[in-house]
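Here is the file data35.txt (compact mmCIF, N, CA and C atoms).
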# COMPACT_ATOMS: atom_id res chain seq x y z
N MET A 1164 33.14 179.98 178.14
CA MET A 1164 32.10 180.16 177.16
C MET A 1164 30.89 180.81 177.82
N ILE A 1165 30.10 181.46 177.00
CA ILE A 1165 28.92 182.18 177.48
C ILE A 1165 27.67 181.47 176.97
N VAL A 1166 26.69 181.35 177.85
CA VAL A 1166 25.38 180.83 177.45
C VAL A 1166 24.36 181.94 177.67
N PHE A 1167 23.44 182.09 176.71
CA PHE A 1167 22.34 183.04 176.84
C PHE A 1167 21.08 182.33 176.41
N ALA A 1168 20.13 182.26 177.32
CA ALA A 1168 18.84 181.63 177.02
C ALA A 1168 17.75 182.62 177.43
N LYS A 1169 17.18 183.28 176.44
CA LYS A 1169 16.15 184.28 176.72
C LYS A 1169 14.96 183.65 177.43
N ASP A 1170 14.44 184.37 178.40
CA ASP A 1170 13.29 183.91 179.19
C ASP A 1170 13.56 182.63 179.98
N ALA A 1171 14.80 182.35 180.29
CA ALA A 1171 15.13 181.11 180.99
C ALA A 1171 15.33 181.32 182.49
N HIS A 1172 14.71 182.35 183.04
CA HIS A 1172 14.88 182.63 184.47
C HIS A 1172 14.47 181.44 185.35
N TYR A 1173 13.54 180.64 184.87
CA TYR A 1173 13.06 179.48 185.62
C TYR A 1173 14.14 178.39 185.74
N ALA A 1174 15.18 178.44 184.90
CA ALA A 1174 16.20 177.40 184.86
C ALA A 1174 17.59 177.90 185.25
N LEU A 1175 17.68 179.03 185.95
CA LEU A 1175 18.99 179.60 186.25
C LEU A 1175 19.92 178.65 186.99
N GLU A 1176 19.40 177.90 187.93
CA GLU A 1176 20.25 176.97 188.68
C GLU A 1176 20.85 175.93 187.74
N ASP A 1177 20.03 175.37 186.87
CA ASP A 1177 20.53 174.37 185.92
C ASP A 1177 21.54 174.98 184.96
N ILE A 1178 21.26 176.17 184.49
CA ILE A 1178 22.18 176.83 183.57
C ILE A 1178 23.51 177.11 184.26
N ALA A 1179 23.45 177.58 185.52
CA ALA A 1179 24.68 177.87 186.27
C ALA A 1179 25.52 176.61 186.49
N ASN A 1180 24.88 175.47 186.51
CA ASN A 1180 25.58 174.20 186.72
C ASN A 1180 25.91 173.48 185.42
N SER A 1181 25.72 174.12 184.29
CA SER A 1181 25.87 173.45 182.99
C SER A 1181 27.30 173.46 182.45
N GLY A 1182 28.22 174.12 183.14
CA GLY A 1182 29.61 174.11 182.69
C GLY A 1182 30.06 175.38 181.99
N TYR A 1183 29.17 176.31 181.75
CA TYR A 1183 29.55 177.59 181.14
C TYR A 1183 30.12 178.50 182.22
N GLU A 1184 31.03 179.39 181.80
CA GLU A 1184 31.63 180.33 182.76
C GLU A 1184 30.77 181.56 182.96
N VAL A 1185 30.00 181.94 181.94
CA VAL A 1185 29.20 183.16 181.97
C VAL A 1185 27.77 182.84 181.58
N VAL A 1186 26.83 183.40 182.34
CA VAL A 1186 25.41 183.26 182.03
C VAL A 1186 24.86 184.63 181.65
N GLY A 1187 24.42 184.76 180.41
CA GLY A 1187 23.80 185.98 179.95
C GLY A 1187 22.36 186.04 180.41
N LEU A 1188 21.95 187.20 180.88
CA LEU A 1188 20.60 187.37 181.42
C LEU A 1188 19.81 188.36 180.58
N ASP A 1189 18.55 188.05 180.35
CA ASP A 1189 17.70 189.05 179.71
C ASP A 1189 17.16 189.99 180.79
N TRP A 1190 16.35 190.92 180.39
CA TRP A 1190 15.91 191.98 181.31
C TRP A 1190 14.73 191.55 182.18
N THR A 1191 14.29 190.30 182.09
CA THR A 1191 13.12 189.87 182.85
C THR A 1191 13.44 189.38 184.25
N ILE A 1192 14.71 189.35 184.62
CA ILE A 1192 15.08 188.88 185.95
C ILE A 1192 15.80 189.97 186.73
N GLN A 1193 15.48 190.07 187.98
CA GLN A 1193 16.11 191.05 188.86
C GLN A 1193 17.52 190.57 189.25
N PRO A 1194 18.48 191.48 189.29
CA PRO A 1194 19.86 191.10 189.61
C PRO A 1194 20.00 190.31 190.91
N GLN A 1195 19.34 190.74 191.97
CA GLN A 1195 19.46 190.06 193.25
C GLN A 1195 18.98 188.62 193.16
N ILE A 1196 17.91 188.40 192.45
CA ILE A 1196 17.38 187.04 192.30
C ILE A 1196 18.35 186.19 191.47
N ALA A 1197 18.89 186.77 190.41
CA ALA A 1197 19.87 186.03 189.60
C ALA A 1197 21.08 185.63 190.43
N ARG A 1198 21.59 186.56 191.25
CA ARG A 1198 22.74 186.26 192.11
C ARG A 1198 22.40 185.15 193.10
N GLU A 1199 21.24 185.25 193.73
CA GLU A 1199 20.84 184.24 194.71
C GLU A 1199 20.75 182.86 194.08
N ARG A 1200 20.25 182.80 192.86
CA ARG A 1200 20.00 181.51 192.21
C ARG A 1200 21.23 180.92 191.54
N THR A 1201 22.23 181.74 191.22
CA THR A 1201 23.43 181.22 190.57
C THR A 1201 24.63 181.15 191.51
N GLY A 1202 24.56 181.83 192.63
CA GLY A 1202 25.67 181.83 193.57
C GLY A 1202 26.92 182.44 192.96
N THR A 1203 28.06 181.86 193.31
CA THR A 1203 29.33 182.37 192.79
C THR A 1203 29.92 181.44 191.74
N LYS A 1204 29.10 180.55 191.22
CA LYS A 1204 29.58 179.56 190.24
C LYS A 1204 29.92 180.19 188.90
N VAL A 1205 29.20 181.24 188.53
CA VAL A 1205 29.34 181.81 187.19
C VAL A 1205 29.39 183.33 187.26
N THR A 1206 29.91 183.92 186.20
CA THR A 1206 29.84 185.36 186.01
C THR A 1206 28.51 185.65 185.32
N LEU A 1207 27.86 186.72 185.71
CA LEU A 1207 26.60 187.12 185.09
C LEU A 1207 26.84 188.23 184.08
N GLN A 1208 26.07 188.22 183.01
CA GLN A 1208 26.19 189.24 181.97
C GLN A 1208 24.80 189.73 181.58
N GLY A 1209 24.67 191.03 181.42
CA GLY A 1209 23.40 191.60 180.98
C GLY A 1209 23.02 192.71 181.93
N ASN A 1210 21.89 193.03 182.14
CA ASN A 1210 20.63 192.57 181.63
C ASN A 1210 19.72 193.75 181.26
N MET A 1211 20.33 194.83 180.79
CA MET A 1211 19.53 196.02 180.47
C MET A 1211 18.62 195.75 179.27
N ASP A 1212 17.38 196.15 179.39
CA ASP A 1212 16.42 196.03 178.30
C ASP A 1212 16.95 196.84 177.12
N PRO A 1213 17.17 196.22 175.96
CA PRO A 1213 17.71 196.97 174.84
C PRO A 1213 16.83 198.14 174.41
N CYS A 1214 15.55 198.07 174.68
CA CYS A 1214 14.65 199.19 174.33
C CYS A 1214 14.98 200.45 175.12
N ALA A 1215 15.72 200.30 176.22
CA ALA A 1215 16.14 201.47 177.00
C ALA A 1215 17.04 202.38 176.17
N LEU A 1216 17.66 201.84 175.13
CA LEU A 1216 18.52 202.67 174.28
C LEU A 1216 17.74 203.66 173.43
N TYR A 1217 16.42 203.55 173.43
CA TYR A 1217 15.58 204.55 172.77
C TYR A 1217 15.30 205.74 173.68
N ALA A 1218 15.65 205.61 174.95
CA ALA A 1218 15.41 206.67 175.93
C ALA A 1218 16.43 207.80 175.74
N PRO A 1219 16.15 208.96 176.34
CA PRO A 1219 17.16 210.04 176.33
C PRO A 1219 18.44 209.57 177.02
N LYS A 1220 19.55 210.17 176.66
CA LYS A 1220 20.85 209.75 177.18
C LYS A 1220 20.93 209.81 178.70
N ASP A 1221 20.34 210.83 179.31
CA ASP A 1221 20.40 210.93 180.77
C ASP A 1221 19.63 209.78 181.43
N LYS A 1222 18.55 209.34 180.80
CA LYS A 1222 17.79 208.20 181.34
C LYS A 1222 18.59 206.91 181.17
N ILE A 1223 19.29 206.76 180.06
CA ILE A 1223 20.15 205.60 179.85
C ILE A 1223 21.19 205.54 180.96
N SER A 1224 21.77 206.68 181.29
CA SER A 1224 22.76 206.75 182.36
C SER A 1224 22.17 206.31 183.70
N GLU A 1225 20.97 206.75 184.00
CA GLU A 1225 20.30 206.35 185.25
C GLU A 1225 20.07 204.84 185.29
N ILE A 1226 19.64 204.29 184.18
CA ILE A 1226 19.38 202.84 184.12
C ILE A 1226 20.67 202.05 184.32
N VAL A 1227 21.74 202.49 183.67
CA VAL A 1227 23.03 201.82 183.82
C VAL A 1227 23.52 201.91 185.26
N LYS A 1228 23.40 203.06 185.86
CA LYS A 1228 23.83 203.23 187.26
C LYS A 1228 23.10 202.25 188.16
N LYS A 1229 21.80 202.15 188.02
CA LYS A 1229 21.01 201.22 188.84
C LYS A 1229 21.44 199.78 188.59
N MET A 1230 21.65 199.42 187.33
CA MET A 1230 22.05 198.06 186.99
C MET A 1230 23.38 197.71 187.65
N ILE A 1231 24.35 198.60 187.57
CA ILE A 1231 25.66 198.32 188.16
C ILE A 1231 25.60 198.31 189.68
N GLU A 1232 24.81 199.20 190.26
CA GLU A 1232 24.64 199.18 191.72
C GLU A 1232 24.05 197.85 192.17
N GLU A 1233 23.12 197.31 191.41
CA GLU A 1233 22.45 196.06 191.81
C GLU A 1233 23.31 194.82 191.55
N PHE A 1234 24.05 194.81 190.46
CA PHE A 1234 24.90 193.66 190.16
C PHE A 1234 26.25 193.73 190.84
N GLY A 1235 26.77 194.93 191.04
CA GLY A 1235 28.13 195.08 191.55
C GLY A 1235 29.12 194.93 190.41
N THR A 1236 30.38 194.85 190.75
CA THR A 1236 31.43 194.76 189.72
C THR A 1236 32.15 193.42 189.74
N GLN A 1237 31.86 192.59 190.70
CA GLN A 1237 32.53 191.29 190.78
C GLN A 1237 31.71 190.23 190.06
N ARG A 1238 32.38 189.50 189.19
CA ARG A 1238 31.72 188.43 188.42
C ARG A 1238 30.49 188.97 187.67
N TYR A 1239 30.70 190.12 187.04
CA TYR A 1239 29.62 190.75 186.30
C TYR A 1239 30.15 191.45 185.05
N ILE A 1240 29.46 191.28 183.94
CA ILE A 1240 29.75 191.96 182.69
C ILE A 1240 28.52 192.76 182.32
N ALA A 1241 28.65 194.08 182.33
CA ALA A 1241 27.52 194.94 181.97
C ALA A 1241 27.25 194.78 180.47
N ASN A 1242 25.99 194.59 180.15
CA ASN A 1242 25.62 194.39 178.76
C ASN A 1242 24.11 194.56 178.64
N LEU A 1243 23.64 194.50 177.42
CA LEU A 1243 22.20 194.49 177.18
C LEU A 1243 21.66 193.10 177.50
N GLY A 1244 20.35 193.04 177.72
CA GLY A 1244 19.70 191.77 178.00
C GLY A 1244 19.27 191.06 176.74
N HIS A 1245 19.69 191.52 175.61
CA HIS A 1245 19.43 190.90 174.31
C HIS A 1245 20.10 191.78 173.27
N GLY A 1246 19.92 191.51 172.00
CA GLY A 1246 20.59 192.25 170.95
C GLY A 1246 20.02 193.64 170.72
N MET A 1247 20.69 194.36 169.84
CA MET A 1247 20.27 195.72 169.47
C MET A 1247 19.38 195.65 168.23
N TYR A 1248 18.61 196.71 168.04
CA TYR A 1248 17.77 196.83 166.87
C TYR A 1248 18.46 197.73 165.84
N PRO A 1249 18.24 197.49 164.55
CA PRO A 1249 18.95 198.24 163.51
C PRO A 1249 18.75 199.75 163.55
N ASP A 1250 17.63 200.21 164.08
CA ASP A 1250 17.36 201.65 164.06
C ASP A 1250 17.84 202.38 165.31
N MET A 1251 18.59 201.71 166.16
CA MET A 1251 19.08 202.37 167.38
C MET A 1251 20.14 203.40 167.04
N ASP A 1252 20.07 204.52 167.74
CA ASP A 1252 20.99 205.63 167.54
C ASP A 1252 22.37 205.26 168.12
N PRO A 1253 23.40 205.26 167.29
CA PRO A 1253 24.75 204.95 167.79
C PRO A 1253 25.20 205.85 168.95
N GLU A 1254 24.70 207.08 168.99
CA GLU A 1254 25.05 207.96 170.11
C GLU A 1254 24.45 207.47 171.42
N HIS A 1255 23.32 206.81 171.35
CA HIS A 1255 22.71 206.26 172.56
C HIS A 1255 23.47 205.01 173.02
N VAL A 1256 23.98 204.26 172.06
CA VAL A 1256 24.83 203.12 172.39
C VAL A 1256 26.11 203.63 173.07
N ALA A 1257 26.67 204.69 172.53
CA ALA A 1257 27.87 205.30 173.14
C ALA A 1257 27.57 205.79 174.55
N ALA A 1258 26.38 206.36 174.77
CA ALA A 1258 26.00 206.81 176.12
C ALA A 1258 25.93 205.62 177.07
N PHE A 1259 25.45 204.49 176.59
CA PHE A 1259 25.41 203.27 177.40
C PHE A 1259 26.83 202.86 177.79
N VAL A 1260 27.73 202.78 176.83
CA VAL A 1260 29.11 202.35 177.09
C VAL A 1260 29.81 203.33 178.04
N GLU A 1261 29.66 204.62 177.79
CA GLU A 1261 30.29 205.62 178.66
C GLU A 1261 29.75 205.53 180.08
N SER A 1262 28.47 205.29 180.22
CA SER A 1262 27.87 205.16 181.56
C SER A 1262 28.38 203.91 182.27
N VAL A 1263 28.53 202.83 181.53
CA VAL A 1263 29.09 201.61 182.13
C VAL A 1263 30.48 201.89 182.67
N HIS A 1264 31.32 202.55 181.89
CA HIS A 1264 32.67 202.87 182.35
C HIS A 1264 32.62 203.77 183.59
N LYS A 1265 31.81 204.80 183.52
CA LYS A 1265 31.72 205.78 184.61
C LYS A 1265 31.28 205.11 185.92
N TYR A 1266 30.18 204.40 185.88
CA TYR A 1266 29.63 203.84 187.12
C TYR A 1266 30.39 202.61 187.60
N SER A 1267 31.01 201.88 186.70
CA SER A 1267 31.85 200.75 187.13
C SER A 1267 33.05 201.28 187.90
N GLN A 1268 33.67 202.33 187.40
CA GLN A 1268 34.82 202.92 188.10
C GLN A 1268 34.41 203.44 189.48
N LYS A 1269 33.29 204.11 189.55
CA LYS A 1269 32.81 204.62 190.84
C LYS A 1269 32.56 203.48 191.81
N LYS A 1270 31.94 202.40 191.32
CA LYS A 1270 31.62 201.25 192.18
C LYS A 1270 32.91 200.59 192.66
N LEU A 1271 33.90 200.50 191.81
CA LEU A 1271 35.18 199.90 192.19
C LEU A 1271 35.90 200.69 193.27
N GLN A 1272 35.66 202.00 193.31
CA GLN A 1272 36.34 202.85 194.28
C GLN A 1272 35.65 202.86 195.64
N GLU A 1273 34.50 202.26 195.75
CA GLU A 1273 33.77 202.23 197.04
C GLU A 1273 34.45 201.33 198.04

Could you write out this file's structure as structure tokens?
Amino acid sequence: MIVFAKDAHYALEDIANSGYEVVGLDWTIQPQIARERTGTKVTLQGNMDPCALYAPKDKISEIVKKMIEEFGTQRYIANLGHGMYPDMDPEHVAAFVESVHKYSQKKLQE
């Protein structure tokens, strides 16, 4: 099961020990800090700021690349750090998904 508690960076250790397999992260926490505080107990999910989907597609790709480089591919699910807004361009969402596939594959080949 997945738990997501927005703005709960102060309680990551407790959340990681709560029995959930996956901890969803919002965009307010740095990947390295989240990893340090949760260890290998849980898979992490997130944490791109959903407002980044308003950016140009090439910028979305840059943001995704950085996110995957920082989280890695082990025990990680690339996702937004919260939900989407109704006015988001579906093509920008597609750019996010395509970038996740592209950079995850590159990271796996390292």

**OP:** Please provide as an MDAnalysis selection string all residues within 8 Å of range 1165-1177 of chain A, with the sequence filter that same-chain residues fewer than 4 positions apart are discarded (counting only C-alpha atoms).
**Re:** chainID A and resid 1181 1183:1189 1191:1192 1197 1200:1201 1245

**OP:** Enter the distance from atom N of Gln1195 in chain A to CA of Arg1238 in chain A, in Å, rounded to one decimal.
**Re:** 13.1 Å

Subject >> Separation of atom N of Thr1206 in chain A from CA of Tyr1266 in chain A in Å >> reply: 19.9 Å

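Among the candidates A:Phe1259, A:Tyr1217, A:Tyr1248, A:Phe1234, the residue lying nearest to Arg1198 in chain A is A:Phe1234 (atoms considered: only N, CA and C atoms).
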
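In this model, the gap between CA of Glu1233 in chain A and atom N of Gln1272 in chain A comes to 14.6 Å.
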
Subject >> A:Thr1236, A:Met1247, A:Met1164, A:Lys1204 ranked by distance to Asn1180 in chain A, top pick (using only N, CA and C atoms) >> reply: A:Lys1204

Subject >> Filtered DSSP result for chain A, state alpha helix (DSSP H), as a ChimeraX atom specification >> reply: /A:1175-1179,1194-1201,1220-1234,1253-1271

Now that the selection is made, can you save its residues with N, CA and C atoms as a short mmCIF file (atom, residue, chain, number, x, y, z; two decimals), in the coordinates of the input?
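Result saved to out21.cif:
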data_model
loop_
_atom_site.label_atom_id
_atom_site.label_comp_id
_atom_site.auth_asym_id
_atom_site.auth_seq_id
_atom_site.Cartn_x
_atom_site.Cartn_y
_atom_site.Cartn_z
N LEU A 1175 17.68 179.03 185.95
CA LEU A 1175 18.99 179.60 186.25
C LEU A 1175 19.92 178.65 186.99
N GLU A 1176 19.40 177.90 187.93
CA GLU A 1176 20.25 176.97 188.68
C GLU A 1176 20.85 175.93 187.74
N ASP A 1177 20.03 175.37 186.87
CA ASP A 1177 20.53 174.37 185.92
C ASP A 1177 21.54 174.98 184.96
N ILE A 1178 21.26 176.17 184.49
CA ILE A 1178 22.18 176.83 183.57
C ILE A 1178 23.51 177.11 184.26
N ALA A 1179 23.45 177.58 185.52
CA ALA A 1179 24.68 177.87 186.27
C ALA A 1179 25.52 176.61 186.49
N PRO A 1194 18.48 191.48 189.29
CA PRO A 1194 19.86 191.10 189.61
C PRO A 1194 20.00 190.31 190.91
N GLN A 1195 19.34 190.74 191.97
CA GLN A 1195 19.46 190.06 193.25
C GLN A 1195 18.98 188.62 193.16
N ILE A 1196 17.91 188.40 192.45
CA ILE A 1196 17.38 187.04 192.30
C ILE A 1196 18.35 186.19 191.47
N ALA A 1197 18.89 186.77 190.41
CA ALA A 1197 19.87 186.03 189.60
C ALA A 1197 21.08 185.63 190.43
N ARG A 1198 21.59 186.56 191.25
CA ARG A 1198 22.74 186.26 192.11
C ARG A 1198 22.40 185.15 193.10
N GLU A 1199 21.24 185.25 193.73
CA GLU A 1199 20.84 184.24 194.71
C GLU A 1199 20.75 182.86 194.08
N ARG A 1200 20.25 182.80 192.86
CA ARG A 1200 20.00 181.51 192.21
C ARG A 1200 21.23 180.92 191.54
N THR A 1201 22.23 181.74 191.22
CA THR A 1201 23.43 181.22 190.57
C THR A 1201 24.63 181.15 191.51
N LYS A 1220 19.55 210.17 176.66
CA LYS A 1220 20.85 209.75 177.18
C LYS A 1220 20.93 209.81 178.70
N ASP A 1221 20.34 210.83 179.31
CA ASP A 1221 20.40 210.93 180.77
C ASP A 1221 19.63 209.78 181.43
N LYS A 1222 18.55 209.34 180.80
CA LYS A 1222 17.79 208.20 181.34
C LYS A 1222 18.59 206.91 181.17
N ILE A 1223 19.29 206.76 180.06
CA ILE A 1223 20.15 205.60 179.85
C ILE A 1223 21.19 205.54 180.96
N SER A 1224 21.77 206.68 181.29
CA SER A 1224 22.76 206.75 182.36
C SER A 1224 22.17 206.31 183.70
N GLU A 1225 20.97 206.75 184.00
CA GLU A 1225 20.30 206.35 185.25
C GLU A 1225 20.07 204.84 185.29
N ILE A 1226 19.64 204.29 184.18
CA ILE A 1226 19.38 202.84 184.12
C ILE A 1226 20.67 202.05 184.32
N VAL A 1227 21.74 202.49 183.67
CA VAL A 1227 23.03 201.82 183.82
C VAL A 1227 23.52 201.91 185.26
N LYS A 1228 23.40 203.06 185.86
CA LYS A 1228 23.83 203.23 187.26
C LYS A 1228 23.10 202.25 188.16
N LYS A 1229 21.80 202.15 188.02
CA LYS A 1229 21.01 201.22 188.84
C LYS A 1229 21.44 199.78 188.59
N MET A 1230 21.65 199.42 187.33
CA MET A 1230 22.05 198.06 186.99
C MET A 1230 23.38 197.71 187.65
N ILE A 1231 24.35 198.60 187.57
CA ILE A 1231 25.66 198.32 188.16
C ILE A 1231 25.60 198.31 189.68
N GLU A 1232 24.81 199.20 190.26
CA GLU A 1232 24.64 199.18 191.72
C GLU A 1232 24.05 197.85 192.17
N GLU A 1233 23.12 197.31 191.41
CA GLU A 1233 22.45 196.06 191.81
C GLU A 1233 23.31 194.82 191.55
N PHE A 1234 24.05 194.81 190.46
CA PHE A 1234 24.90 193.66 190.16
C PHE A 1234 26.25 193.73 190.84
N PRO A 1253 23.40 205.26 167.29
CA PRO A 1253 24.75 204.95 167.79
C PRO A 1253 25.20 205.85 168.95
N GLU A 1254 24.70 207.08 168.99
CA GLU A 1254 25.05 207.96 170.11
C GLU A 1254 24.45 207.47 171.42
N HIS A 1255 23.32 206.81 171.35
CA HIS A 1255 22.71 206.26 172.56
C HIS A 1255 23.47 205.01 173.02
N VAL A 1256 23.98 204.26 172.06
CA VAL A 1256 24.83 203.12 172.39
C VAL A 1256 26.11 203.63 173.07
N ALA A 1257 26.67 204.69 172.53
CA ALA A 1257 27.87 205.30 173.14
C ALA A 1257 27.57 205.79 174.55
N ALA A 1258 26.38 206.36 174.77
CA ALA A 1258 26.00 206.81 176.12
C ALA A 1258 25.93 205.62 177.07
N PHE A 1259 25.45 204.49 176.59
CA PHE A 1259 25.41 203.27 177.40
C PHE A 1259 26.83 202.86 177.79
N VAL A 1260 27.73 202.78 176.83
CA VAL A 1260 29.11 202.35 177.09
C VAL A 1260 29.81 203.33 178.04
N GLU A 1261 29.66 204.62 177.79
CA GLU A 1261 30.29 205.62 178.66
C GLU A 1261 29.75 205.53 180.08
N SER A 1262 28.47 205.29 180.22
CA SER A 1262 27.87 205.16 181.56
C SER A 1262 28.38 203.91 182.27
N VAL A 1263 28.53 202.83 181.53
CA VAL A 1263 29.09 201.61 182.13
C VAL A 1263 30.48 201.89 182.67
N HIS A 1264 31.32 202.55 181.89
CA HIS A 1264 32.67 202.87 182.35
C HIS A 1264 32.62 203.77 183.59
N LYS A 1265 31.81 204.80 183.52
CA LYS A 1265 31.72 205.78 184.61
C LYS A 1265 31.28 205.11 185.92
N TYR A 1266 30.18 204.40 185.88
CA TYR A 1266 29.63 203.84 187.12
C TYR A 1266 30.39 202.61 187.60
N SER A 1267 31.01 201.88 186.70
CA SER A 1267 31.85 200.75 187.13
C SER A 1267 33.05 201.28 187.90
N GLN A 1268 33.67 202.33 187.40
CA GLN A 1268 34.82 202.92 188.10
C GLN A 1268 34.41 203.44 189.48
N LYS A 1269 33.29 204.11 189.55
CA LYS A 1269 32.81 204.62 190.84
C LYS A 1269 32.56 203.48 191.81
N LYS A 1270 31.94 202.40 191.32
CA LYS A 1270 31.62 201.25 192.18
C LYS A 1270 32.91 200.59 192.66
N LEU A 1271 33.90 200.50 191.81
CA LEU A 1271 35.18 199.90 192.19
C LEU A 1271 35.90 200.69 193.27
#

Subject >> Residue nearest Ala1218 in chain A - candidates A:Val1205, A:Ile1231, A:Asn1242, A:His1255, atoms counted: only C-alpha atoms >> reply: A:His1255

Subject >> Spatial neighbours of Lys1220 in chain A, 6.5 Å, all atoms listed in the file, chain gap at least 4 places, as a ChimeraX atom specification >> reply: /A:1224-1225,1255,1258

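With only N, CA and C atoms as the basis for measurement, A:Leu1243 is the residue among A:Glu1254, A:Leu1243, A:Glu1273, A:Val1227 that approaches Pro1213 in chain A most closely.
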
Taking all atoms of range 1166-1178 of chain A that the file lists and extending 3 Å past them on each side, where is the centre of the axis-aligned box and how long are its edges? Answer in Å to one decimal, as JSON.
{"center_x": 19.9, "center_y": 179.4, "center_z": 182.5, "size_x": 19.6, "size_y": 16.0, "size_z": 18.3}
